[in-house]
Every structure is written in C-alpha cells, then in structure tokens.
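This is structure-v5.tsv (TSV, C-alpha atoms).
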```
chain	number	residue	atom	x	y	z
A	1	PRO	CA	6.44	1.73	20.79
A	2	GLY	CA	8.77	2.36	23.70
A	3	LEU	CA	10.06	-1.21	23.73
A	4	LEU	CA	10.89	-3.76	21.06
A	5	ALA	CA	10.21	-7.43	21.82
A	6	LEU	CA	12.74	-9.59	20.00
A	7	GLY	CA	12.20	-13.31	19.65
A	8	PHE	CA	15.18	-15.66	19.44
A	9	ASP	CA	16.17	-19.31	19.77
A	10	PRO	CA	17.89	-19.70	23.18
A	11	VAL	CA	19.55	-22.93	22.04
A	12	LEU	CA	21.36	-21.29	19.12
A	13	VAL	CA	22.38	-18.24	21.14
A	14	SER	CA	23.61	-20.40	24.04
A	15	ALA	CA	25.53	-22.68	21.66
A	16	GLU	CA	27.24	-19.67	20.11
A	17	LEU	CA	28.37	-18.42	23.53
A	18	ILE	CA	29.60	-21.84	24.69
A	19	VAL	CA	31.55	-22.52	21.48
A	20	SER	CA	33.09	-19.04	21.44
A	21	THR	CA	34.06	-19.39	25.12
A	22	LEU	CA	35.76	-22.75	24.66
A	23	LEU	CA	37.37	-21.98	21.30
A	24	GLY	CA	38.17	-18.34	21.97
A	25	GLY	CA	36.12	-16.98	19.04
A	26	ASP	CA	34.31	-13.62	18.91
A	27	GLN	CA	30.69	-13.41	20.00
A	28	ARG	CA	28.20	-11.73	17.72
A	29	PRO	CA	26.93	-8.38	19.10
A	30	GLY	CA	23.86	-8.74	21.26
A	31	SER	CA	24.21	-12.47	21.96
A	32	ALA	CA	24.60	-12.04	25.71
A	33	ARG	CA	21.93	-9.30	25.67
A	34	ALA	CA	19.50	-11.68	24.01
A	35	LEU	CA	19.76	-13.95	27.07
A	36	ASN	CA	19.33	-10.98	29.41
A	37	LYS	CA	22.97	-11.47	30.52
A	38	ARG	CA	22.14	-14.67	32.41
A	39	LYS	CA	24.80	-17.32	32.82
A	40	ILE	CA	24.78	-20.15	30.33
A	41	VAL	CA	24.77	-23.64	31.85
A	42	ILE	CA	27.02	-25.88	29.76
A	43	PRO	CA	25.24	-29.22	29.10
A	44	LYS	CA	26.51	-32.22	31.01
A	45	ALA	CA	27.33	-34.13	27.82
A	46	ILE	CA	29.52	-31.27	26.59
A	47	VAL	CA	31.36	-30.94	29.91
A	48	GLU	CA	32.14	-34.66	29.88
A	49	TYR	CA	33.30	-34.49	26.26
A	50	VAL	CA	35.53	-31.46	26.88
A	51	MET	CA	36.92	-33.13	30.04
A	52	GLN	CA	38.08	-36.14	28.00
A	53	VAL	CA	39.75	-33.80	25.50
A	54	ALA	CA	41.44	-31.87	28.33
A	55	ILE	CA	42.81	-35.14	29.79
A	56	ILE	CA	44.21	-36.14	26.38
A	57	ALA	CA	45.70	-32.68	25.92
A	58	GLY	CA	47.39	-32.94	29.34
A	59	ALA	CA	45.57	-29.86	30.65
A	60	ASN	CA	45.34	-31.14	34.23
A	61	GLU	CA	44.34	-27.80	35.73
A	62	LEU	CA	41.51	-27.47	33.21
A	63	THR	CA	40.44	-31.06	33.92
A	64	GLN	CA	40.18	-30.30	37.63
A	65	THR	CA	38.21	-27.12	36.93
A	66	LEU	CA	35.78	-29.03	34.73
A	67	LYS	CA	35.29	-31.62	37.47
A	68	ASN	CA	34.53	-28.83	39.93
A	69	TYR	CA	32.15	-27.27	37.43
A	70	MET	CA	30.38	-30.61	36.94
A	71	SER	CA	29.84	-30.97	40.70
A	72	LYS	CA	28.40	-27.49	40.97
A	73	ARG	CA	26.25	-28.10	37.89
A	74	GLU	CA	24.28	-30.75	39.75
A	75	GLU	CA	23.26	-28.19	42.34
A	76	ILE	CA	20.83	-25.34	41.76
A	77	THR	CA	22.79	-22.70	43.68
A	78	LEU	CA	24.58	-19.46	43.04
A	79	GLU	CA	27.83	-21.42	43.21
A	80	LEU	CA	27.27	-22.38	39.56
A	81	GLU	CA	27.96	-18.80	38.45
A	82	ARG	CA	31.22	-18.81	40.41
A	83	ALA	CA	32.15	-22.14	38.87
A	84	GLN	CA	31.46	-20.73	35.41
A	85	ASP	CA	33.67	-17.71	36.13
A	86	SER	CA	36.37	-20.08	37.40
A	87	LEU	CA	36.19	-22.04	34.14
A	88	LEU	CA	36.63	-18.91	32.07
A	89	GLU	CA	39.54	-17.77	34.25
A	90	THR	CA	41.21	-21.19	33.95
A	91	LEU	CA	40.96	-21.09	30.16
A	92	ARG	CA	42.43	-17.59	30.13
A	93	LEU	CA	45.42	-18.58	32.33
A	94	LEU	CA	46.08	-21.95	30.66
A	95	PRO	CA	49.62	-22.21	29.24
A	96	PRO	CA	49.57	-21.51	25.48
A	97	GLU	CA	50.83	-24.97	24.49
A	98	TYR	CA	48.09	-26.74	26.46
A	99	LEU	CA	45.37	-24.28	25.37
A	100	LEU	CA	46.35	-24.65	21.71
A	101	GLY	CA	46.33	-28.45	21.90
A	102	PHE	CA	43.02	-28.48	23.72
A	103	ARG	CA	41.33	-26.21	21.19
A	104	ARG	CA	42.72	-28.18	18.26
A	105	GLN	CA	41.14	-31.31	19.66
A	106	ILE	CA	37.61	-29.80	19.91
A	107	ALA	CA	37.79	-27.43	16.92
A	108	HIS	CA	36.11	-29.69	14.40
A	109	GLU	CA	33.00	-29.07	12.30
A	110	GLY	CA	30.74	-31.31	14.34
A	111	PHE	CA	31.49	-29.68	17.72
A	112	GLU	CA	28.91	-26.88	17.39
A	113	ASP	CA	26.28	-29.40	16.25
A	114	LEU	CA	27.14	-31.52	19.28
A	115	VAL	CA	26.60	-28.50	21.56
A	116	ILE	CA	23.31	-27.59	19.87
A	117	SER	CA	22.04	-31.18	20.16
A	118	ALA	CA	22.93	-31.35	23.88
A	119	LEU	CA	21.31	-27.98	24.57
A	120	ARG	CA	18.19	-28.89	22.62
A	121	GLU	CA	17.81	-32.01	24.75
A	122	GLU	CA	18.04	-29.97	27.95
A	123	LEU	CA	16.23	-26.75	26.98
A	124	GLY	CA	13.72	-28.02	24.43
A	125	ASP	CA	12.29	-25.79	21.68
A	126	GLN	CA	10.84	-22.97	23.78
A	127	PRO	CA	11.45	-19.59	22.11
A	128	GLY	CA	13.13	-16.80	24.03
A	129	VAL	CA	12.03	-13.16	24.19
A	130	THR	CA	14.08	-10.14	25.14
A	131	PHE	CA	12.91	-6.55	25.51
A	132	ASN	CA	15.00	-3.63	24.35
A	133	ARG	CA	14.43	0.09	24.21
A	134	THR	CA	13.57	1.40	20.77
A	135	PRO	CA	16.70	2.65	18.94
A	136	GLY	CA	16.96	6.42	18.67
A	137	ILE	CA	16.11	6.66	14.97
A	138	LEU	CA	13.00	4.46	15.38
A	139	SER	CA	11.97	6.31	18.52
A	140	ASP	CA	12.17	9.61	16.64
A	141	ALA	CA	10.15	8.13	13.78
A	142	CYS	CA	7.45	6.98	16.22
A	143	VAL	CA	7.26	10.44	17.77
A	144	ASN	CA	6.96	12.06	14.33
A	145	LEU	CA	4.27	9.60	13.24
A	146	ASP	CA	2.32	10.17	16.44
A	147	HIS	CA	2.59	13.94	15.97
A	148	PHE	CA	1.50	13.70	12.32
A	149	PHE	CA	-1.57	11.54	12.93
A	150	THR	CA	-2.73	13.64	15.90
A	151	THR	CA	-2.14	17.10	14.44
A	152	SER	CA	-1.74	16.87	10.65
A	153	PHE	CA	-4.18	14.16	9.61
A	154	ARG	CA	-7.95	14.46	9.22
A	155	TYR	CA	-10.36	11.72	8.15
A	156	LEU	CA	-14.05	12.03	7.32
A	157	GLY	CA	-16.05	8.88	6.65
A	158	PRO	CA	-18.66	8.38	3.94
A	159	LEU	CA	-21.67	8.47	6.29
A	160	ARG	CA	-21.79	11.93	7.82
A	161	ASP	CA	-23.83	12.60	10.95
A	162	GLU	CA	-27.54	13.02	10.27
A	163	PRO	CA	-29.07	16.52	10.66
A	164	LYS	CA	-29.95	17.49	14.23
A	165	ALA	CA	-31.55	20.45	15.97
A	166	LEU	CA	-28.74	20.39	18.57
A	167	TYR	CA	-25.29	18.85	18.25
A	168	PRO	CA	-23.40	17.29	21.19
A	169	LEU	CA	-20.38	18.86	22.84
A	170	ALA	CA	-17.00	17.78	21.45
A	171	PRO	CA	-15.33	15.40	23.95
A	172	THR	CA	-12.09	15.17	21.96
A	173	ALA	CA	-8.85	16.67	23.22
A	174	ASP	CA	-8.21	18.20	19.79
A	175	PRO	CA	-10.42	21.32	19.50
A	176	SER	CA	-10.19	21.26	15.69
A	177	ASP	CA	-11.25	17.62	15.21
A	178	ILE	CA	-14.78	17.35	13.81
A	179	GLY	CA	-15.00	13.57	14.34
A	180	LEU	CA	-15.10	10.60	11.97
A	181	ARG	CA	-18.72	11.38	10.97
A	182	GLY	CA	-18.52	15.14	11.35
A	183	GLU	CA	-20.49	14.89	14.60
A	184	HIS	CA	-18.51	17.70	16.26
A	185	THR	CA	-18.72	20.14	13.34
A	186	ALA	CA	-21.07	22.52	15.16
A	187	ALA	CA	-18.83	22.73	18.25
A	188	VAL	CA	-15.65	23.21	16.19
A	189	LEU	CA	-17.26	25.88	14.00
A	190	ASP	CA	-18.60	27.77	17.03
A	191	LEU	CA	-15.19	27.65	18.73
A	192	HIS	CA	-13.19	28.81	15.69
A	193	LYS	CA	-15.72	30.91	13.74
A	194	ASN	CA	-13.81	34.16	14.36
A	195	ARG	CA	-10.39	32.63	13.68
A	196	LEU	CA	-8.56	34.13	10.72
A	197	ILE	CA	-7.67	31.58	8.06
A	198	ARG	CA	-6.00	31.68	4.67
A	199	TYR	CA	-8.10	30.29	1.82
A	200	ILE	CA	-8.87	30.73	-1.88
A	201	PRO	CA	-12.21	32.54	-2.33
A	202	THR	CA	-14.84	31.12	-4.64
A	203	SER	CA	-14.59	34.21	-6.87
A	204	ALA	CA	-11.36	32.66	-8.20
A	205	PHE	CA	-13.46	29.85	-9.70
A	206	ALA	CA	-16.00	32.15	-11.35
A	207	ARG	CA	-14.03	32.04	-14.59
A	208	ASP	CA	-12.95	29.02	-16.58
A	209	GLU	CA	-9.28	29.76	-15.96
A	210	VAL	CA	-8.57	29.89	-12.24
A	211	VAL	CA	-6.03	32.25	-10.69
A	212	PRO	CA	-5.71	30.84	-7.14
A	213	ALA	CA	-4.91	33.94	-5.08
A	214	PRO	CA	-5.38	33.29	-1.32
A	215	VAL	CA	-7.05	35.80	1.01
A	216	VAL	CA	-7.34	36.03	4.80
A	217	ARG	CA	-10.82	36.01	6.35
A	218	THR	CA	-12.59	34.50	9.34
A	219	LEU	CA	-13.53	30.83	9.22
A	220	ASP	CA	-17.20	31.81	9.43
A	221	ALA	CA	-16.91	34.06	6.37
A	222	ALA	CA	-15.00	31.41	4.39
A	223	VAL	CA	-17.58	28.71	5.18
A	224	VAL	CA	-20.44	30.98	4.08
A	225	ASP	CA	-18.55	31.85	0.90
A	226	TRP	CA	-18.31	28.18	-0.08
A	227	LEU	CA	-21.87	27.37	1.05
A	228	LYS	CA	-23.13	30.06	-1.33
A	229	TYR	CA	-20.88	28.82	-4.14
A	230	LEU	CA	-22.18	25.28	-3.70
A	231	ASP	CA	-25.72	26.72	-3.63
A	232	VAL	CA	-26.76	24.84	-0.48
A	233	ALA	CA	-27.18	27.82	1.91
A	234	GLU	CA	-26.87	31.60	2.04
A	235	SER	CA	-25.72	31.98	5.65
A	236	ILE	CA	-25.00	29.99	8.78
A	237	GLU	CA	-24.99	30.70	12.50
A	238	SER	CA	-23.73	28.60	15.41
A	239	HIS	CA	-24.82	29.03	19.02
A	240	ASP	CA	-23.48	27.50	22.22
A	241	LYS	CA	-26.43	26.10	24.20
A	242	GLY	CA	-24.35	25.09	27.21
A	243	LYS	CA	-24.85	21.55	28.45
A	244	PHE	CA	-27.39	20.91	25.69
A	245	GLY	CA	-24.74	21.22	22.99
A	246	HIS	CA	-24.46	23.50	19.96
A	247	GLU	CA	-27.11	24.75	17.59
A	248	LEU	CA	-26.59	25.25	13.86
A	249	VAL	CA	-29.06	27.27	11.82
A	250	VAL	CA	-28.81	28.24	8.16
A	251	GLY	CA	-30.46	30.72	5.89
A	252	ILE	CA	-31.54	29.54	2.47
A	253	ALA	CA	-32.06	31.49	-0.74
A	254	GLY	CA	-35.40	33.28	-0.85
A	255	GLY	CA	-36.02	32.81	2.89
A	256	ASN	CA	-36.22	35.53	5.55
A	257	ARG	CA	-35.38	33.43	8.62
A	258	HIS	CA	-32.93	30.74	9.73
A	259	HIS	CA	-33.74	27.04	10.03
A	260	ASP	CA	-32.00	24.20	11.86
A	261	LEU	CA	-30.54	21.48	9.67
A	262	THR	CA	-33.53	19.15	10.14
A	263	HIS	CA	-35.69	21.58	8.12
A	264	VAL	CA	-33.39	22.11	5.13
A	265	GLY	CA	-31.92	19.86	2.48
A	266	VAL	CA	-29.53	17.12	3.57
A	267	GLY	CA	-26.83	18.71	1.43
A	268	VAL	CA	-25.89	21.24	4.14
A	269	SER	CA	-25.21	18.56	6.77
A	270	GLN	CA	-23.17	16.58	4.24
A	271	VAL	CA	-21.10	19.48	2.93
A	272	LEU	CA	-20.53	21.45	6.14
A	273	PRO	CA	-18.09	18.94	7.78
A	274	ILE	CA	-16.03	18.89	4.56
A	275	LEU	CA	-15.84	22.68	4.48
A	276	VAL	CA	-14.99	23.15	8.16
A	277	THR	CA	-12.25	20.51	8.35
A	278	SER	CA	-10.71	21.57	5.00
A	279	LEU	CA	-10.69	25.32	5.64
A	280	LEU	CA	-9.53	24.99	9.25
A	281	ALA	CA	-6.67	22.57	8.49
A	282	GLU	CA	-3.14	23.91	8.65
A	283	PRO	CA	-0.71	23.62	5.70
A	284	ASP	CA	0.98	20.20	5.43
A	285	THR	CA	-2.21	18.53	6.65
A	286	THR	CA	-3.45	15.38	4.90
A	287	LEU	CA	-7.24	15.34	4.46
A	288	VAL	CA	-8.89	12.00	3.73
A	289	PHE	CA	-12.49	11.91	2.46
A	290	GLU	CA	-14.48	8.78	1.67
A	291	GLN	CA	-17.19	9.33	-0.95
A	292	PRO	CA	-17.74	13.05	-0.27
A	293	GLU	CA	-20.41	13.05	-2.97
A	294	LEU	CA	-22.93	10.90	-1.05
A	295	HIS	CA	-26.45	12.42	-0.91
A	296	LEU	CA	-25.33	15.45	-2.91
A	297	HIS	CA	-26.90	16.87	-6.08
A	298	PRO	CA	-24.73	16.42	-9.23
A	299	LYS	CA	-24.22	20.19	-9.37
A	300	VAL	CA	-22.87	20.22	-5.81
A	301	GLN	CA	-20.61	17.24	-6.57
A	302	THR	CA	-19.21	19.15	-9.53
A	303	LEU	CA	-18.53	22.37	-7.59
A	304	LEU	CA	-17.10	20.46	-4.63
A	305	ALA	CA	-14.16	19.50	-6.84
A	306	ASP	CA	-13.18	23.17	-6.90
A	307	LEU	CA	-12.85	23.15	-3.10
A	308	PHE	CA	-10.48	20.18	-3.25
A	309	LEU	CA	-8.49	21.84	-6.04
A	310	SER	CA	-8.15	24.99	-3.94
A	311	MET	CA	-6.68	22.92	-1.08
A	312	THR	CA	-3.82	21.78	-3.31
A	313	GLN	CA	-2.71	25.41	-3.70
A	314	LEU	CA	-2.63	25.93	0.08
A	315	GLY	CA	-0.15	23.16	0.87
A	316	LYS	CA	-2.83	20.66	1.92
A	317	GLN	CA	-3.10	17.16	0.51
A	318	CYS	CA	-6.54	15.68	-0.19
A	319	ILE	CA	-6.95	11.92	-0.58
A	320	ILE	CA	-10.43	11.32	-1.98
A	321	GLU	CA	-12.16	8.00	-2.60
A	322	THR	CA	-15.02	8.71	-4.97
A	323	HIS	CA	-17.50	7.13	-7.36
A	324	SER	CA	-18.52	10.52	-8.77
A	325	GLU	CA	-17.87	11.12	-12.44
A	326	TYR	CA	-19.07	14.70	-11.92
A	327	LEU	CA	-16.17	15.35	-9.58
A	328	ILE	CA	-13.64	13.77	-11.94
A	329	ASN	CA	-15.04	15.59	-14.97
A	330	ARG	CA	-14.77	18.92	-13.14
A	331	ILE	CA	-11.09	18.28	-12.57
A	332	ARG	CA	-10.72	17.45	-16.27
A	333	PHE	CA	-12.53	20.67	-17.20
A	334	ARG	CA	-10.34	22.83	-14.96
A	335	THR	CA	-7.24	21.21	-16.44
A	336	ALA	CA	-8.43	21.81	-20.02
A	337	ALA	CA	-9.62	25.38	-19.33
A	338	ALA	CA	-6.30	26.53	-17.85
A	339	LEU	CA	-4.36	28.52	-20.46
A	340	LYS	CA	-1.63	30.73	-19.00
A	341	HIS	CA	-1.44	29.08	-15.59
A	342	ASN	CA	-2.16	25.36	-15.22
A	343	PRO	CA	-1.32	24.06	-11.72
A	344	TRP	CA	-3.75	21.15	-11.89
A	345	VAL	CA	-1.69	18.74	-14.02
A	346	GLU	CA	0.96	18.46	-11.30
A	347	ALA	CA	-1.41	18.89	-8.35
A	348	VAL	CA	-3.82	16.05	-9.21
A	349	LYS	CA	-3.20	12.31	-9.37
A	350	VAL	CA	-6.07	9.94	-10.22
A	351	TYR	CA	-5.97	6.21	-9.58
A	352	PHE	CA	-8.46	3.58	-10.67
A	353	VAL	CA	-8.83	0.56	-8.39
A	354	GLU	CA	-9.16	-2.65	-10.39
A	355	ARG	CA	-10.26	-5.87	-8.77
A	356	GLY	CA	-8.48	-8.92	-10.11
A	357	ALA	CA	-8.10	-12.59	-9.26
A	358	GLU	CA	-5.26	-11.80	-6.83
A	359	GLY	CA	-6.96	-8.81	-5.19
A	360	SER	CA	-7.23	-5.09	-5.90
A	361	SER	CA	-4.57	-3.12	-7.72
A	362	PHE	CA	-4.11	0.62	-8.27
A	363	ARG	CA	-3.74	1.93	-11.78
A	364	GLU	CA	-2.86	5.54	-12.49
A	365	VAL	CA	-5.27	7.40	-14.76
A	366	GLU	CA	-3.31	10.14	-16.49
A	367	ILE	CA	-5.13	13.38	-17.33
A	368	ASN	CA	-3.19	15.58	-19.76
A	369	GLU	CA	-3.22	19.38	-20.05
A	370	TYR	CA	-6.20	19.18	-22.40
A	371	GLY	CA	-8.32	17.32	-19.86
A	372	ALA	CA	-8.18	14.09	-21.83
A	373	ILE	CA	-7.70	10.70	-20.21
A	374	LEU	CA	-4.90	9.08	-22.21
A	375	ASP	CA	-5.56	5.47	-21.26
A	376	TRP	CA	-9.19	5.09	-20.28
A	377	PRO	CA	-9.56	2.03	-17.99
A	378	GLU	CA	-12.36	-0.41	-18.59
A	379	GLY	CA	-15.31	0.59	-16.41
A	380	PHE	CA	-13.84	3.97	-15.37
A	381	PHE	CA	-16.87	6.28	-15.47
A	382	ASP	CA	-17.47	5.33	-19.09
A	383	GLN	CA	-21.20	4.59	-19.06
A	384	SER	CA	-22.35	8.22	-19.23
A	385	SER	CA	-19.75	8.98	-21.89
A	386	ARG	CA	-21.03	6.10	-24.01
A	387	GLU	CA	-24.60	7.26	-23.49
A	388	ALA	CA	-23.66	10.81	-24.54
A	389	GLU	CA	-21.90	9.51	-27.65
A	390	GLY	CA	-24.91	7.31	-28.41
A	391	ILE	CA	-27.27	10.28	-28.15
A	392	LEU	CA	-25.09	12.34	-30.50
A	393	ARG	CA	-24.90	9.51	-33.04
A	394	ALA	CA	-28.66	8.93	-32.88
A	395	ALA	CA	-29.37	12.66	-33.30
A	396	MET	CA	-27.00	12.95	-36.26
A	397	LYS	CA	-28.56	9.86	-37.85
A	398	LYS	CA	-32.06	11.29	-37.37
A	399	ARG	CA	-31.10	14.66	-38.87
A	400	ARG	CA	-29.43	12.96	-41.79
A	401	ALA	CA	-32.57	10.91	-42.40
A	402	GLU	CA	-34.74	14.04	-42.18
A	403	ARG	CA	-32.57	15.91	-44.68
A	404	THR	CA	-32.63	12.94	-47.04
A	405	GLY	CA	-36.44	12.84	-46.80
A	406	VAL	CA	-36.75	16.57	-47.54
A	407	ASP	CA	-34.44	16.35	-50.55
A	408	GLN	CA	-36.42	13.45	-52.03
A	409	HIS	CA	-39.69	15.35	-51.49
A	410	GLU	CA	-38.34	18.37	-53.33
```

File written out as structure tokens:
Amino acid sequence: PGLLALGFDPVLVSAELIVSTLLGGDQRPGSARALNKRKIVIPKAIVEYVMQVAIIAGANELTQTLKNYMSKREEITLELERAQDSLLETLRLLPPEYLLGFRRQIAHEGFEDLVISALREELGDQPGVTFNRTPGILSDACVNLDHFFTTSFRYLGPLRDEPKALYPLAPTADPSDIGLRGEHTAAVLDLHKNRLIRYIPTSAFARDEVVPAPVVRTLDAAVVDWLKYLDVAESIESHDKGKFGHELVVGIAGGNRHHDLTHVGVGVSQVLPILVTSLLAEPDTTLVFEQPELHLHPKVQTLLADLFLSMTQLGKQCIIETHSEYLINRIRFRTAAALKHNPWVEAVKVYFVERGAEGSSFREVEINEYGAILDWPEGFFDQSSREAEGILRAAMKKRRAERTGVDQHE
C-alpha cells in the first residue's frame, strides 16, 4: 500500500492539544498530524471556565483575549484561526507570575476530563481518519513482497486443465507463468523449449543412493527426460498455431507417431504443468502444489517425489499438500537408502494437519535418517501399513499351521 489510513478519536486528540496549549505541556508526536493540522476549536464551556480562572488569577490581558476568542467562536469565519493564534501568543507573553497562577488554578486532575466531556458534547463520537504515506521500511517490505509474489512464487491448483487438441495463447504478462490450472503450459513450453536450464537428471535417481549432480540442458530435453522417467511419454513436441493457440503432441512407448493429449492417458496433462513450472523456475523460487497426485497412477506418484526432492538441491522450495502415501513413502525410502550422502533429512519437512474442536493444527512428522516416522500420528497414512502388517501376520499364521499339520502327519 502507498498510503496508511489511521483511525483515531478526534475528541481525545483535540483534548490533548487544548490541555497542552493551556498548561504548557508537550504534545505527543503526530497529534496535530492526526487532525490534518486543522485548528482546534476550544469548546465554549472550557473558554468560559478558563476565563473565570483568568479573572481570579488577575490575568486581565488573557481575560480580554478569551473574550475576543469567544466572540469569534460564534462566527464561522477565518477570523477564528487568527483569534486562536492570538490566544497562543497571549499565553506566551503573559508575565510569569500571572501565567504560573493561572496554570495552577486549572492544573487539577479533573480538567482534562472536563475538556473531553465538553468536546464530546460538541463533536459527538464520530471517528477520525488520517492518511499518511507508508514509512520507508514498510514501503520497502511491500516492494519486496510484490516482487517475490510476481517473480519468485508459483502456484498450481489440484485440478489441472483438461487435455485439449489446442491450448489457448497465454494472456499473462509473465511469460513463464503457466496459470493456476496449468492452462498456459503449452505456450510457456513452446516459448522456452530451447532455453538452457540447470536441473538434476533422472539418471541420478536410478540408484537407491542419489548423488544430485546438476547438468545444463534445454528445457525441452529436461522435460522429456522426466516424462520418460515417470513413464508417461517418450517425447513431446510443441507447435505455435498462431491465433488458434499452441499444439502439444506426445510420443508414447511402442508407438511410431505423435498424438495430441486427448488421445493419450490423462497422466501427461496432469504431470506436464508440474514439470514445466518446476524445471523453469529460478533458484529461490517457492513452488506450491495442491494434490499433485490427482489422477496419477501409484507408480507415477512415487516417482514424482524424486522430482520434488531434486528441486530442494537446486535452491527451490516446494510446498506440497498431498494425500498420497506413495509420495511420502518414496521420501522415506530415499532417506533410508542414503548412506554416504544424505541431504534429505534436512531438506524435507512433513506436517500432518489435525482437525480439532478449535480448528486445524499443524503437527510436524519427523522422519529420521533410517526413513522411520518417530511419532506416527493417528490417521497419518496408516491404513495400508496396517493392512500390510495384517497380511504378513496372516501369512505367517497360515505357514505355521501348515507346518504343524505336516509334522503331525509324519
């Protein structure tokens, strides 16, 4: 924001200025600014009260000034400002003995309350608003936030764009933004397909222990590399069709020609936006994915975790909201399989969202270097684990029964 709107109580601010003027106290910083530097009209009841005190104190010159101020107060003219200035000047020039006696007479605890009460009667309870330029430190923070969210932040929603024969042109000002649903993936890929990027090739994940050594290749080559690794396509081509949009065609294993995405599995259209936005993102970018596993085969969900792990070694942060135990288990496996070099313990943080009576809370799920979850939350991907344990127990029980039967027969 370029401006800050500050709300205040005009009665309290005005009372502070009136009391400090009459008693000679210091004003708090910003008090006059809060009233946009407008003159404060001293309530009639306060003028009359102060006039009586001035008469008692023998401050005749001040008494005459107050009378003049009272006469001007009844008129709605610019003369009131001059009368106010005259009052301040009179107080400043008042002989010390008279000024001291005057201020002693009104300097009691109830005087400020009296001023507030008189002002409240005249001004009511309407709030005041003043506009100020954003302080330098906040202005800089706003600029940095704006820069971050426009250049270093990417979000992809859970429902990616459905497969199409032709994809629309990208209307966004950011040529690397694929859209909230990945609807501009084809245009972004066609524009940047020959751009050199730094990424970790899938060959690094061919072994159980990963050595994440980045290489430099074109975006097109990197996307194809990961499409093959995920086993959803063997090749991909993008074509600019002018005003009709962009065409995406892929080659699949065992095929001798390319097909548009409407004639292949839905996995390509779901995975491709994730690959393009992740591989194209610059270091220090935050990538946010909601349920990247939707409509994907369990094998693809598992291997997709390797892509996200590779991003952590390129200075990119991935925030992933997932219901996929395959994805989580892959992270656990990579953590357990790492022997000499284990970057995953520090690179990965897992949180389980628990819904309670007072709302949702985040609970960290710690995965140690052996891939074990130290404190398994209730309901955290535990159904399949229980089923697997149940199968093992049932199989062991059956084998034990079979052996017992054989021994008895012999």

Note to self: Need to verify the contact set: segment 229-236 of chain A, 10 Å, all atoms listed in the file, exclusion of same-chain residues closer than 6 positions in sequence. Can you return it as a PyMOL selection string?
What the structure shows: chain A and resi 201-203+205-206+220-221+223+248-255+258-260+264-269+271-272+296-297+299-304+306-307

Next item on the list: Could you jot down the atom CA of Asp284 of chain A to atom CA of Gly136 of chain A separation for me, Å, one decimal place?
Entry: 24.9 Å

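Across A:Glu122, A:Glu378, A:Glu321, A:Asp174, the tightest approach to Val288 of chain A is made by A:Glu321 when counting only C-alpha atoms.
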
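Here atom CA of Gln270 of chain A is placed at a distance of 23.9 Å from atom CA of Arg334 of chain A.
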
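Using all atoms listed in the file, the contacts of Pro377 of chain A at a cut-off of 9 Å, with sequence neighbours closer than 5 positions omitted, comprise Phe352, Glu354, Arg363, Val365 and Asp382 of chain A.
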
Mind completing segment 211-223 of chain A with N, CA, C and O atoms? Output as an mmCIF file, in the coordinates of the input, please?
```
data_model
loop_
_atom_site.group_PDB
_atom_site.id
_atom_site.type_symbol
_atom_site.label_atom_id
_atom_site.label_comp_id
_atom_site.auth_asym_id
_atom_site.auth_seq_id
_atom_site.Cartn_x
_atom_site.Cartn_y
_atom_site.Cartn_z
ATOM 1 N N VAL A 211 -7.251 31.643 -11.224
ATOM 2 C CA VAL A 211 -6.030 32.250 -10.690
ATOM 3 C C VAL A 211 -6.135 32.143 -9.169
ATOM 4 O O VAL A 211 -6.787 32.961 -8.523
ATOM 5 N N PRO A 212 -5.520 31.109 -8.571
ATOM 6 C CA PRO A 212 -5.710 30.840 -7.140
ATOM 7 C C PRO A 212 -4.934 31.804 -6.244
ATOM 8 O O PRO A 212 -3.795 31.534 -5.857
ATOM 9 N N ALA A 213 -5.546 32.948 -5.936
ATOM 10 C CA ALA A 213 -4.910 33.940 -5.080
ATOM 11 C C ALA A 213 -5.538 33.878 -3.684
ATOM 12 O O ALA A 213 -6.711 34.238 -3.514
ATOM 13 N N PRO A 214 -4.814 33.418 -2.665
ATOM 14 C CA PRO A 214 -5.380 33.290 -1.320
ATOM 15 C C PRO A 214 -5.693 34.637 -0.683
ATOM 16 O O PRO A 214 -5.063 35.654 -0.983
ATOM 17 N N VAL A 215 -6.696 34.631 0.212
ATOM 18 C CA VAL A 215 -7.050 35.800 1.010
ATOM 19 C C VAL A 215 -7.151 35.358 2.463
ATOM 20 O O VAL A 215 -7.171 34.163 2.762
ATOM 21 N N VAL A 216 -7.217 36.322 3.376
ATOM 22 C CA VAL A 216 -7.340 36.030 4.800
ATOM 23 C C VAL A 216 -8.681 36.562 5.292
ATOM 24 O O VAL A 216 -8.955 37.765 5.197
ATOM 25 N N ARG A 217 -9.520 35.638 5.798
ATOM 26 C CA ARG A 217 -10.820 36.010 6.350
ATOM 27 C C ARG A 217 -11.108 35.105 7.541
ATOM 28 O O ARG A 217 -10.378 34.152 7.807
ATOM 29 N N THR A 218 -12.205 35.357 8.231
ATOM 30 C CA THR A 218 -12.590 34.500 9.340
ATOM 31 C C THR A 218 -13.114 33.171 8.804
ATOM 32 O O THR A 218 -13.584 33.089 7.654
ATOM 33 N N LEU A 219 -13.015 32.139 9.625
ATOM 34 C CA LEU A 219 -13.530 30.830 9.220
ATOM 35 C C LEU A 219 -15.005 30.917 8.883
ATOM 36 O O LEU A 219 -15.459 30.308 7.904
ATOM 37 N N ASP A 220 -15.765 31.662 9.675
ATOM 38 C CA ASP A 220 -17.200 31.810 9.430
ATOM 39 C C ASP A 220 -17.461 32.387 8.046
ATOM 40 O O ASP A 220 -18.314 31.894 7.300
ATOM 41 N N ALA A 221 -16.723 33.428 7.672
ATOM 42 C CA ALA A 221 -16.910 34.060 6.370
ATOM 43 C C ALA A 221 -16.530 33.108 5.234
ATOM 44 O O ALA A 221 -17.194 33.054 4.189
ATOM 45 N N ALA A 222 -15.445 32.341 5.426
ATOM 46 C CA ALA A 222 -15.000 31.410 4.390
ATOM 47 C C ALA A 222 -16.015 30.289 4.186
ATOM 48 O O ALA A 222 -16.299 29.887 3.046
ATOM 49 N N VAL A 223 -16.574 29.775 5.287
ATOM 50 C CA VAL A 223 -17.580 28.710 5.180
ATOM 51 C C VAL A 223 -18.807 29.215 4.435
ATOM 52 O O VAL A 223 -19.340 28.528 3.555
#
```
